[in-house]
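Visitor: Got a structure for you, structure-v2.cif, holding mmCIF, C-alpha atoms; chains and numbers go by the auth columns.
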```
data_upload
loop_
_atom_site.group_PDB
_atom_site.id
_atom_site.type_symbol
_atom_site.label_atom_id
_atom_site.label_comp_id
_atom_site.label_asym_id
_atom_site.label_seq_id
_atom_site.Cartn_x
_atom_site.Cartn_y
_atom_site.Cartn_z
_atom_site.B_iso_or_equiv
_atom_site.auth_seq_id
_atom_site.auth_asym_id
ATOM 1 C CA MET A 1 25.863 -49.414 -60.255 0.00 1 A
ATOM 2 C CA SER A 2 27.736 -46.969 -62.531 0.00 2 A
ATOM 3 C CA THR A 3 25.416 -47.844 -65.409 0.00 3 A
ATOM 4 C CA GLU A 4 22.394 -47.308 -63.171 0.00 4 A
ATOM 5 C CA ILE A 5 23.719 -43.971 -61.915 0.00 5 A
ATOM 6 C CA ALA A 6 24.222 -42.782 -65.488 0.00 6 A
ATOM 7 C CA ARG A 7 20.467 -42.830 -66.091 0.00 7 A
ATOM 8 C CA TYR A 8 19.984 -40.429 -63.176 0.00 8 A
ATOM 9 C CA VAL A 9 22.382 -37.822 -64.568 0.00 9 A
ATOM 10 C CA ASP A 10 21.498 -34.503 -66.143 0.00 10 A
ATOM 11 C CA HIS A 11 24.973 -33.752 -67.541 0.00 11 A
ATOM 12 C CA THR A 12 25.223 -30.043 -66.938 0.00 12 A
ATOM 13 C CA LEU A 13 27.090 -27.074 -68.367 0.00 13 A
ATOM 14 C CA LEU A 14 25.761 -23.693 -67.268 0.00 14 A
ATOM 15 C CA ALA A 15 29.007 -21.781 -66.878 0.00 15 A
ATOM 16 C CA PRO A 16 28.818 -18.243 -68.335 0.00 16 A
ATOM 17 C CA HIS A 17 32.025 -18.800 -70.320 0.00 17 A
ATOM 18 C CA ALA A 18 30.905 -22.074 -71.943 0.00 18 A
ATOM 19 C CA THR A 19 31.689 -22.255 -75.664 0.00 19 A
ATOM 20 C CA LYS A 20 30.111 -24.127 -78.574 0.00 20 A
ATOM 21 C CA ALA A 21 32.993 -26.583 -78.414 0.00 21 A
ATOM 22 C CA ASP A 22 32.307 -27.146 -74.710 0.00 22 A
ATOM 23 C CA VAL A 23 28.659 -27.908 -75.462 0.00 23 A
ATOM 24 C CA ASP A 24 29.617 -30.354 -78.210 0.00 24 A
ATOM 25 C CA LYS A 25 31.909 -32.131 -75.723 0.00 25 A
ATOM 26 C CA LEU A 26 29.144 -32.223 -73.126 0.00 26 A
ATOM 27 C CA CYS A 27 26.700 -33.764 -75.595 0.00 27 A
ATOM 28 C CA LYS A 28 29.225 -36.336 -76.792 0.00 28 A
ATOM 29 C CA GLU A 29 29.959 -37.380 -73.196 0.00 29 A
ATOM 30 C CA ALA A 30 26.239 -37.656 -72.453 0.00 30 A
ATOM 31 C CA ALA A 31 25.643 -39.896 -75.462 0.00 31 A
ATOM 32 C CA GLU A 32 28.684 -42.071 -74.766 0.00 32 A
ATOM 33 C CA ASN A 33 27.703 -42.584 -71.118 0.00 33 A
ATOM 34 C CA ASN A 34 23.948 -42.939 -71.655 0.00 34 A
ATOM 35 C CA PHE A 35 23.112 -40.024 -69.354 0.00 35 A
ATOM 36 C CA TYR A 36 19.452 -39.107 -69.063 0.00 36 A
ATOM 37 C CA ALA A 37 19.868 -35.530 -70.276 0.00 37 A
ATOM 38 C CA VAL A 38 22.130 -32.591 -70.858 0.00 38 A
ATOM 39 C CA CYS A 39 21.299 -29.260 -69.253 0.00 39 A
ATOM 40 C CA VAL A 40 22.491 -26.178 -71.125 0.00 40 A
ATOM 41 C CA ASN A 41 21.826 -22.467 -71.227 0.00 41 A
ATOM 42 C CA PRO A 42 19.009 -21.415 -73.593 0.00 42 A
ATOM 43 C CA CYS A 43 21.358 -20.101 -76.275 0.00 43 A
ATOM 44 C CA PHE A 44 22.695 -23.644 -76.780 0.00 44 A
ATOM 45 C CA ILE A 45 19.394 -25.536 -77.034 0.00 45 A
ATOM 46 C CA LYS A 46 19.350 -25.797 -80.821 0.00 46 A
ATOM 47 C CA GLN A 47 22.988 -26.902 -80.917 0.00 47 A
ATOM 48 C CA ALA A 48 22.395 -29.583 -78.282 0.00 48 A
ATOM 49 C CA VAL A 49 19.272 -30.824 -80.063 0.00 49 A
ATOM 50 C CA ARG A 50 21.185 -31.147 -83.346 0.00 50 A
ATOM 51 C CA THR A 51 24.139 -32.871 -81.736 0.00 51 A
ATOM 52 C CA LEU A 52 21.982 -35.372 -79.852 0.00 52 A
ATOM 53 C CA ARG A 53 19.381 -36.034 -82.564 0.00 53 A
ATOM 54 C CA ASP A 54 20.504 -39.645 -83.027 0.00 54 A
ATOM 55 C CA SER A 55 20.653 -40.430 -79.304 0.00 55 A
ATOM 56 C CA LYS A 56 18.128 -40.950 -76.517 0.00 56 A
ATOM 57 C CA VAL A 57 19.613 -38.115 -74.435 0.00 57 A
ATOM 58 C CA GLN A 58 17.104 -35.400 -73.549 0.00 58 A
ATOM 59 C CA VAL A 59 17.867 -31.678 -73.750 0.00 59 A
ATOM 60 C CA ALA A 60 17.017 -29.586 -70.704 0.00 60 A
ATOM 61 C CA THR A 61 17.483 -25.870 -70.259 0.00 61 A
ATOM 62 C CA VAL A 62 17.162 -23.267 -67.512 0.00 62 A
ATOM 63 C CA ILE A 63 14.654 -20.454 -67.073 0.00 63 A
ATOM 64 C CA GLY A 64 15.155 -17.370 -64.887 0.00 64 A
ATOM 65 C CA PHE A 65 18.651 -18.645 -64.194 0.00 65 A
ATOM 66 C CA PRO A 66 20.435 -18.247 -61.835 0.00 66 A
ATOM 67 C CA LEU A 67 18.691 -15.626 -59.670 0.00 67 A
ATOM 68 C CA GLY A 68 15.027 -16.337 -60.336 0.00 68 A
ATOM 69 C CA ALA A 69 14.270 -12.636 -60.021 0.00 69 A
ATOM 70 C CA ASN A 70 12.849 -12.026 -63.508 0.00 70 A
ATOM 71 C CA THR A 71 9.160 -11.243 -63.793 0.00 71 A
ATOM 72 C CA THR A 72 6.808 -14.115 -64.481 0.00 72 A
ATOM 73 C CA ASP A 73 6.057 -12.768 -67.967 0.00 73 A
ATOM 74 C CA VAL A 74 9.760 -12.914 -68.864 0.00 74 A
ATOM 75 C CA LYS A 75 10.052 -16.472 -67.552 0.00 75 A
ATOM 76 C CA VAL A 76 6.989 -17.500 -69.542 0.00 76 A
ATOM 77 C CA LYS A 77 8.478 -16.066 -72.747 0.00 77 A
ATOM 78 C CA GLU A 78 11.784 -17.786 -72.027 0.00 78 A
ATOM 79 C CA THR A 79 9.928 -21.049 -71.603 0.00 79 A
ATOM 80 C CA GLU A 80 7.969 -20.649 -74.830 0.00 80 A
ATOM 81 C CA HIS A 81 11.168 -19.891 -76.772 0.00 81 A
ATOM 82 C CA ALA A 82 12.942 -22.852 -75.171 0.00 82 A
ATOM 83 C CA ILE A 83 10.190 -25.257 -76.189 0.00 83 A
ATOM 84 C CA ALA A 84 10.124 -23.801 -79.712 0.00 84 A
ATOM 85 C CA ASP A 85 13.897 -24.331 -79.951 0.00 85 A
ATOM 86 C CA GLY A 86 13.475 -28.002 -79.082 0.00 86 A
ATOM 87 C CA ALA A 87 14.045 -28.280 -75.330 0.00 87 A
ATOM 88 C CA ASP A 88 12.610 -31.463 -73.825 0.00 88 A
ATOM 89 C CA GLU A 89 12.667 -30.304 -70.207 0.00 89 A
ATOM 90 C CA ILE A 90 12.565 -26.993 -68.347 0.00 90 A
ATOM 91 C CA ASP A 91 14.475 -26.205 -65.126 0.00 91 A
ATOM 92 C CA MET A 92 13.092 -22.938 -63.726 0.00 92 A
ATOM 93 C CA VAL A 93 14.315 -20.884 -60.771 0.00 93 A
ATOM 94 C CA ILE A 94 11.587 -19.640 -58.442 0.00 94 A
ATOM 95 C CA ASN A 95 11.400 -16.076 -57.203 0.00 95 A
ATOM 96 C CA ILE A 96 13.394 -16.754 -54.051 0.00 96 A
ATOM 97 C CA GLY A 97 12.698 -13.324 -52.575 0.00 97 A
ATOM 98 C CA ALA A 98 8.953 -13.869 -52.920 0.00 98 A
ATOM 99 C CA LEU A 99 9.212 -17.179 -51.087 0.00 99 A
ATOM 100 C CA LYS A 100 11.273 -15.652 -48.280 0.00 100 A
ATOM 101 C CA SER A 101 8.748 -12.789 -48.068 0.00 101 A
ATOM 102 C CA GLY A 102 6.014 -15.297 -47.404 0.00 102 A
ATOM 103 C CA ASP A 103 4.284 -14.646 -50.722 0.00 103 A
ATOM 104 C CA PHE A 104 3.525 -18.309 -51.353 0.00 104 A
ATOM 105 C CA ASP A 105 0.655 -17.542 -53.722 0.00 105 A
ATOM 106 C CA TYR A 106 3.013 -15.666 -56.041 0.00 106 A
ATOM 107 C CA VAL A 107 5.464 -18.560 -56.057 0.00 107 A
ATOM 108 C CA THR A 108 2.726 -21.088 -56.749 0.00 108 A
ATOM 109 C CA GLU A 109 1.130 -18.989 -59.486 0.00 109 A
ATOM 110 C CA GLU A 110 4.470 -18.425 -61.198 0.00 110 A
ATOM 111 C CA ILE A 111 5.306 -22.131 -61.237 0.00 111 A
ATOM 112 C CA THR A 112 1.801 -22.812 -62.572 0.00 112 A
ATOM 113 C CA ALA A 113 2.361 -20.298 -65.385 0.00 113 A
ATOM 114 C CA ILE A 114 5.637 -21.961 -66.380 0.00 114 A
ATOM 115 C CA VAL A 115 4.063 -25.424 -66.287 0.00 115 A
ATOM 116 C CA LYS A 116 1.332 -24.147 -68.619 0.00 116 A
ATOM 117 C CA ALA A 117 3.837 -22.465 -70.964 0.00 117 A
ATOM 118 C CA ALA A 118 5.905 -25.654 -71.102 0.00 118 A
ATOM 119 C CA ASN A 119 2.946 -27.359 -72.779 0.00 119 A
ATOM 120 C CA ASP A 120 3.261 -30.809 -71.180 0.00 120 A
ATOM 121 C CA HIS A 121 7.077 -30.742 -71.151 0.00 121 A
ATOM 122 C CA PRO A 122 8.465 -31.635 -67.694 0.00 122 A
ATOM 123 C CA VAL A 123 9.176 -28.642 -65.426 0.00 123 A
ATOM 124 C CA LYS A 124 11.766 -28.942 -62.656 0.00 124 A
ATOM 125 C CA VAL A 125 11.583 -26.184 -60.046 0.00 125 A
ATOM 126 C CA ILE A 126 14.862 -24.895 -58.591 0.00 126 A
ATOM 127 C CA ILE A 127 14.281 -23.541 -55.084 0.00 127 A
ATOM 128 C CA GLU A 128 17.893 -22.793 -53.973 0.00 128 A
ATOM 129 C CA CYS A 129 18.012 -24.672 -50.679 0.00 129 A
ATOM 130 C CA ASP A 130 21.159 -22.897 -49.468 0.00 130 A
ATOM 131 C CA LEU A 131 19.139 -19.688 -49.100 0.00 131 A
ATOM 132 C CA LEU A 132 16.084 -21.190 -47.393 0.00 132 A
ATOM 133 C CA THR A 133 15.011 -22.299 -43.950 0.00 133 A
ATOM 134 C CA ASP A 134 13.466 -25.750 -43.569 0.00 134 A
ATOM 135 C CA ASP A 135 10.028 -24.132 -43.230 0.00 135 A
ATOM 136 C CA GLU A 136 10.567 -22.281 -46.504 0.00 136 A
ATOM 137 C CA LYS A 137 11.657 -25.517 -48.177 0.00 137 A
ATOM 138 C CA VAL A 138 8.422 -27.127 -47.002 0.00 138 A
ATOM 139 C CA GLN A 139 6.412 -24.253 -48.484 0.00 139 A
ATOM 140 C CA ALA A 140 8.321 -24.605 -51.759 0.00 140 A
ATOM 141 C CA VAL A 141 7.437 -28.300 -51.958 0.00 141 A
ATOM 142 C CA HIS A 142 3.765 -27.481 -51.409 0.00 142 A
ATOM 143 C CA ALA A 143 3.921 -24.846 -54.156 0.00 143 A
ATOM 144 C CA CYS A 144 5.381 -27.407 -56.567 0.00 144 A
ATOM 145 C CA LEU A 145 2.663 -29.899 -55.657 0.00 145 A
ATOM 146 C CA LYS A 146 -0.115 -27.354 -56.178 0.00 146 A
ATOM 147 C CA ALA A 147 1.347 -26.246 -59.500 0.00 147 A
ATOM 148 C CA ASN A 148 1.710 -29.802 -60.815 0.00 148 A
ATOM 149 C CA ALA A 149 5.444 -29.458 -61.373 0.00 149 A
ATOM 150 C CA PHE A 150 7.415 -32.499 -62.501 0.00 150 A
ATOM 151 C CA MET A 151 10.281 -32.228 -60.006 0.00 151 A
ATOM 152 C CA ILE A 152 11.621 -30.038 -57.237 0.00 152 A
ATOM 153 C CA LYS A 153 15.313 -29.250 -57.607 0.00 153 A
ATOM 154 C CA THR A 154 17.682 -28.327 -54.795 0.00 154 A
ATOM 155 C CA SER A 155 20.092 -25.760 -56.206 0.00 155 A
ATOM 156 C CA THR A 156 21.511 -23.708 -59.051 0.00 156 A
ATOM 157 C CA GLY A 157 25.103 -24.243 -57.904 0.00 157 A
ATOM 158 C CA PHE A 158 25.710 -20.489 -57.989 0.00 158 A
ATOM 159 C CA VAL A 159 25.405 -19.699 -54.259 0.00 159 A
ATOM 160 C CA LYS A 160 28.828 -18.716 -52.973 0.00 160 A
ATOM 161 C CA ASP A 161 30.087 -21.253 -50.423 0.00 161 A
ATOM 162 C CA GLY A 162 26.796 -23.128 -50.740 0.00 162 A
ATOM 163 C CA LYS A 163 26.424 -26.799 -49.867 0.00 163 A
ATOM 164 C CA GLY A 164 24.357 -27.616 -52.934 0.00 164 A
ATOM 165 C CA ALA A 165 22.496 -30.910 -52.805 0.00 165 A
ATOM 166 C CA THR A 166 22.344 -32.585 -49.394 0.00 166 A
ATOM 167 C CA VAL A 167 20.947 -35.892 -48.207 0.00 167 A
ATOM 168 C CA ASP A 168 18.999 -34.084 -45.480 0.00 168 A
ATOM 169 C CA ASP A 169 17.175 -31.891 -47.991 0.00 169 A
ATOM 170 C CA VAL A 170 16.330 -34.841 -50.229 0.00 170 A
ATOM 171 C CA LYS A 171 14.973 -36.755 -47.231 0.00 171 A
ATOM 172 C CA LEU A 172 12.930 -33.713 -46.182 0.00 172 A
ATOM 173 C CA PHE A 173 11.418 -33.435 -49.663 0.00 173 A
ATOM 174 C CA ARG A 174 10.666 -37.132 -49.837 0.00 174 A
ATOM 175 C CA LYS A 175 8.890 -37.021 -46.462 0.00 175 A
ATOM 176 C CA ILE A 176 6.628 -34.147 -47.575 0.00 176 A
ATOM 177 C CA ILE A 177 5.975 -35.517 -51.049 0.00 177 A
ATOM 178 C CA GLY A 178 4.816 -38.871 -49.759 0.00 178 A
ATOM 179 C CA LYS A 179 2.986 -40.826 -52.448 0.00 179 A
ATOM 180 C CA SER A 180 2.536 -37.916 -54.855 0.00 180 A
ATOM 181 C CA LYS A 181 4.221 -38.022 -58.263 0.00 181 A
ATOM 182 C CA LEU A 182 6.501 -35.013 -57.655 0.00 182 A
ATOM 183 C CA GLY A 183 10.096 -36.044 -58.287 0.00 183 A
ATOM 184 C CA ILE A 184 13.323 -34.772 -56.747 0.00 184 A
ATOM 185 C CA LYS A 185 16.387 -33.520 -58.580 0.00 185 A
ATOM 186 C CA ALA A 186 19.484 -33.149 -56.423 0.00 186 A
ATOM 187 C CA SER A 187 21.888 -30.689 -57.996 0.00 187 A
ATOM 188 C CA ALA A 188 25.159 -28.885 -57.301 0.00 188 A
ATOM 189 C CA GLY A 189 28.210 -30.149 -55.443 0.00 189 A
ATOM 190 C CA ILE A 190 27.838 -33.749 -56.639 0.00 190 A
ATOM 191 C CA ARG A 191 31.393 -34.698 -57.635 0.00 191 A
ATOM 192 C CA ASP A 192 31.876 -38.346 -56.653 0.00 192 A
ATOM 193 C CA LYS A 193 30.089 -41.682 -56.810 0.00 193 A
ATOM 194 C CA ALA A 194 29.590 -41.987 -53.043 0.00 194 A
ATOM 195 C CA THR A 195 27.704 -38.686 -52.917 0.00 195 A
ATOM 196 C CA ALA A 196 25.621 -39.649 -55.944 0.00 196 A
ATOM 197 C CA VAL A 197 24.670 -42.998 -54.414 0.00 197 A
ATOM 198 C CA ALA A 198 23.805 -41.396 -51.058 0.00 198 A
ATOM 199 C CA LEU A 199 21.473 -38.895 -52.737 0.00 199 A
ATOM 200 C CA ILE A 200 19.777 -41.591 -54.788 0.00 200 A
ATOM 201 C CA GLU A 201 19.309 -43.765 -51.711 0.00 201 A
ATOM 202 C CA ALA A 202 17.816 -40.749 -49.896 0.00 202 A
ATOM 203 C CA GLY A 203 15.180 -40.438 -52.619 0.00 203 A
ATOM 204 C CA ALA A 204 16.595 -38.393 -55.505 0.00 204 A
ATOM 205 C CA ASP A 205 15.150 -39.234 -58.921 0.00 205 A
ATOM 206 C CA ARG A 206 17.666 -37.205 -60.915 0.00 206 A
ATOM 207 C CA LEU A 207 21.165 -35.761 -60.349 0.00 207 A
ATOM 208 C CA GLY A 208 22.245 -32.431 -61.804 0.00 208 A
ATOM 209 C CA THR A 209 26.025 -32.399 -62.094 0.00 209 A
ATOM 210 C CA SER A 210 28.878 -31.299 -64.317 0.00 210 A
ATOM 211 C CA SER A 211 30.882 -34.275 -63.017 0.00 211 A
ATOM 212 C CA GLY A 212 28.854 -37.112 -64.491 0.00 212 A
ATOM 213 C CA VAL A 213 31.773 -38.712 -66.310 0.00 213 A
ATOM 214 C CA SER A 214 33.934 -38.770 -63.168 0.00 214 A
ATOM 215 C CA ILE A 215 31.047 -40.159 -61.133 0.00 215 A
ATOM 216 C CA VAL A 216 30.364 -43.123 -63.423 0.00 216 A
ATOM 217 C CA GLN A 217 34.109 -43.783 -63.633 0.00 217 A
ATOM 218 C CA GLY A 218 34.366 -43.826 -59.852 0.00 218 A
ATOM 219 C CA SER A 219 36.748 -40.882 -59.568 0.00 219 A
ATOM 220 C CA THR A 220 36.321 -37.481 -57.902 0.00 220 A
ATOM 221 C CA ALA A 221 35.993 -34.314 -59.949 0.00 221 A
ATOM 222 C CA GLY A 222 37.301 -30.941 -58.877 0.00 222 A
ATOM 223 C CA ALA A 223 35.038 -27.965 -58.231 0.00 223 A
ATOM 224 C CA ALA A 224 33.475 -26.593 -61.369 0.00 224 A
ATOM 225 C CA ALA A 225 31.163 -23.780 -62.381 0.00 225 A
ATOM 226 C CA TYR A 226 27.759 -25.440 -62.492 0.00 226 A
#
```
Please re-express this file's structure in structure tokens.
Guide:
Amino acid sequence: MSTEIARYVDHTLLAPHATKADVDKLCKEAAENNFYAVCVNPCFIKQAVRTLRDSKVQVATVIGFPLGANTTDVKVKETEHAIADGADEIDMVINIGALKSGDFDYVTEEITAIVKAANDHPVKVIIECDLLTDDEKVQAVHACLKANAFMIKTSTGFVKDGKGATVDDVKLFRKIIGKSKLGIKASAGIRDKATAVALIEAGADRLGTSSGVSIVQGSTAGAAAY
């Protein structure tokens, strides 16, 4: 099962104090453990691409991270630069305030703009479940479906005292998604194998975690900046 779990993992390092050496270590761990991808801040895309050029590990990056409060134009430019730098996948943060204000058209249109800017590269949409009601989560799923996003993603990991990924949220998403192709990325707070397995069994297609090595080894990692 550890080998199977590894292919779900986006091995993640988004801490503000991450160094080049930290990113090299992340990439080496991802290659050694056959993780699906690494997820790094935009300034490290080129480094990650170079380091992983002889592996099958994908390079993902974040857009509008972690608040999601940039204008759409800024997020579009970020996305274009990320693709030009070699990113394989895009993880964008929605405008959470717009969603909570009931401006669902804005949220949908922004996701659509990022999907277009990504130019056929997969776009995962971070909705920050810890800040949303269940009704708002439902609206976020519908926005992702309308915008033809690749995946909906639970969390940034930056909400203070947040739960991060939960089985209940993954089950809620899966129920709404039904037979559509929208995937689910559970992220934040995933530090042990039991949690990883529970999220996968609930319907997660990908796991965003900085604890991938501990998870595949069957140990429990301590809290870390996501």
Visitor: Apply the PyMOL selection byres ((chain A and resi 166) around 12) to the displayed file and report the matching residues as a ChimeraX atom specification.
Guide: /A:128-130,153-155,162-165,167-173,184-190,195-204,207
Visitor: I would like the residues chosen by the PyMOL selection byres ((chain A and resi 68) around 9) on the shown file; could you give them as a VMD selection string?
Guide: chain A and resid 63 to 67 69 to 71 75 92 to 97 126 to 127
Visitor: Write a file of the just-selected residues containing C-alpha atoms, as a tab-separated table (two decimals), keeping the file's coordinate frame.
Guide:
```tsv
chain	number	residue	atom	x	y	z
A	63	ILE	CA	14.65	-20.45	-67.07
A	64	GLY	CA	15.16	-17.37	-64.89
A	65	PHE	CA	18.65	-18.64	-64.19
A	66	PRO	CA	20.43	-18.25	-61.84
A	67	LEU	CA	18.69	-15.63	-59.67
A	69	ALA	CA	14.27	-12.64	-60.02
A	70	ASN	CA	12.85	-12.03	-63.51
A	71	THR	CA	9.16	-11.24	-63.79
A	75	LYS	CA	10.05	-16.47	-67.55
A	92	MET	CA	13.09	-22.94	-63.73
A	93	VAL	CA	14.32	-20.88	-60.77
A	94	ILE	CA	11.59	-19.64	-58.44
A	95	ASN	CA	11.40	-16.08	-57.20
A	96	ILE	CA	13.39	-16.75	-54.05
A	97	GLY	CA	12.70	-13.32	-52.58
A	126	ILE	CA	14.86	-24.90	-58.59
A	127	ILE	CA	14.28	-23.54	-55.08
```
Visitor: When the PyMOL selection byres ((chain A and resi 30-34) around 8) is applied to the structure above, which residues does it catch, written out as a PyMOL selection string?
Guide: chain A and resi 6-7+11+26-29+35-38+52+55-57+213
Visitor: Just the residues within 10 Å of Tyr106 in chain A, please, counting only C-alpha atoms, with nothing from its chain fewer than 4 positions along; format it as number ranges by chain.
Guide: A: 72, 94-95, 98-99, 102, 110-112, 143
Visitor: In Å to one decimal, how far is CA of Asp103 in chain A from CA of Val141 in chain A?
Guide: 14.1 Å
Visitor: Could you check the closest approach to Glu78 in chain A for each of A:Lys179, A:Ala194, A:Ala117, A:Leu145 and tell me which residue wins, using all atoms listed in the file?
Guide: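 Using all atoms listed in the file, the shortest distance to Glu78 in chain A belongs to A:Ala117.
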Visitor: Let me make sure I understand: among A:Ala147, A:Ile152, A:Ala18, A:Ile177, which one has the smallest atom-to-atom distance to Lys116 in chain A if we use all atoms listed in the file?
Guide: A:Ala147
Visitor: Between CA of Val62 in chain A and CA of Asn41 in chain A, what distance in Å does the model show, to one decimal?
Guide: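 Going from CA of Val62 in chain A over to CA of Asn41 in chain A, I get 6.0 Å.
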Visitor: Which distance in Å separates CA of Tyr8 in chain A and CA of Asp120 in chain A, to one decimal?
Guide: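 Straight-line distance from CA of Tyr8 in chain A to CA of Asp120 in chain A works out to 20.9 Å.
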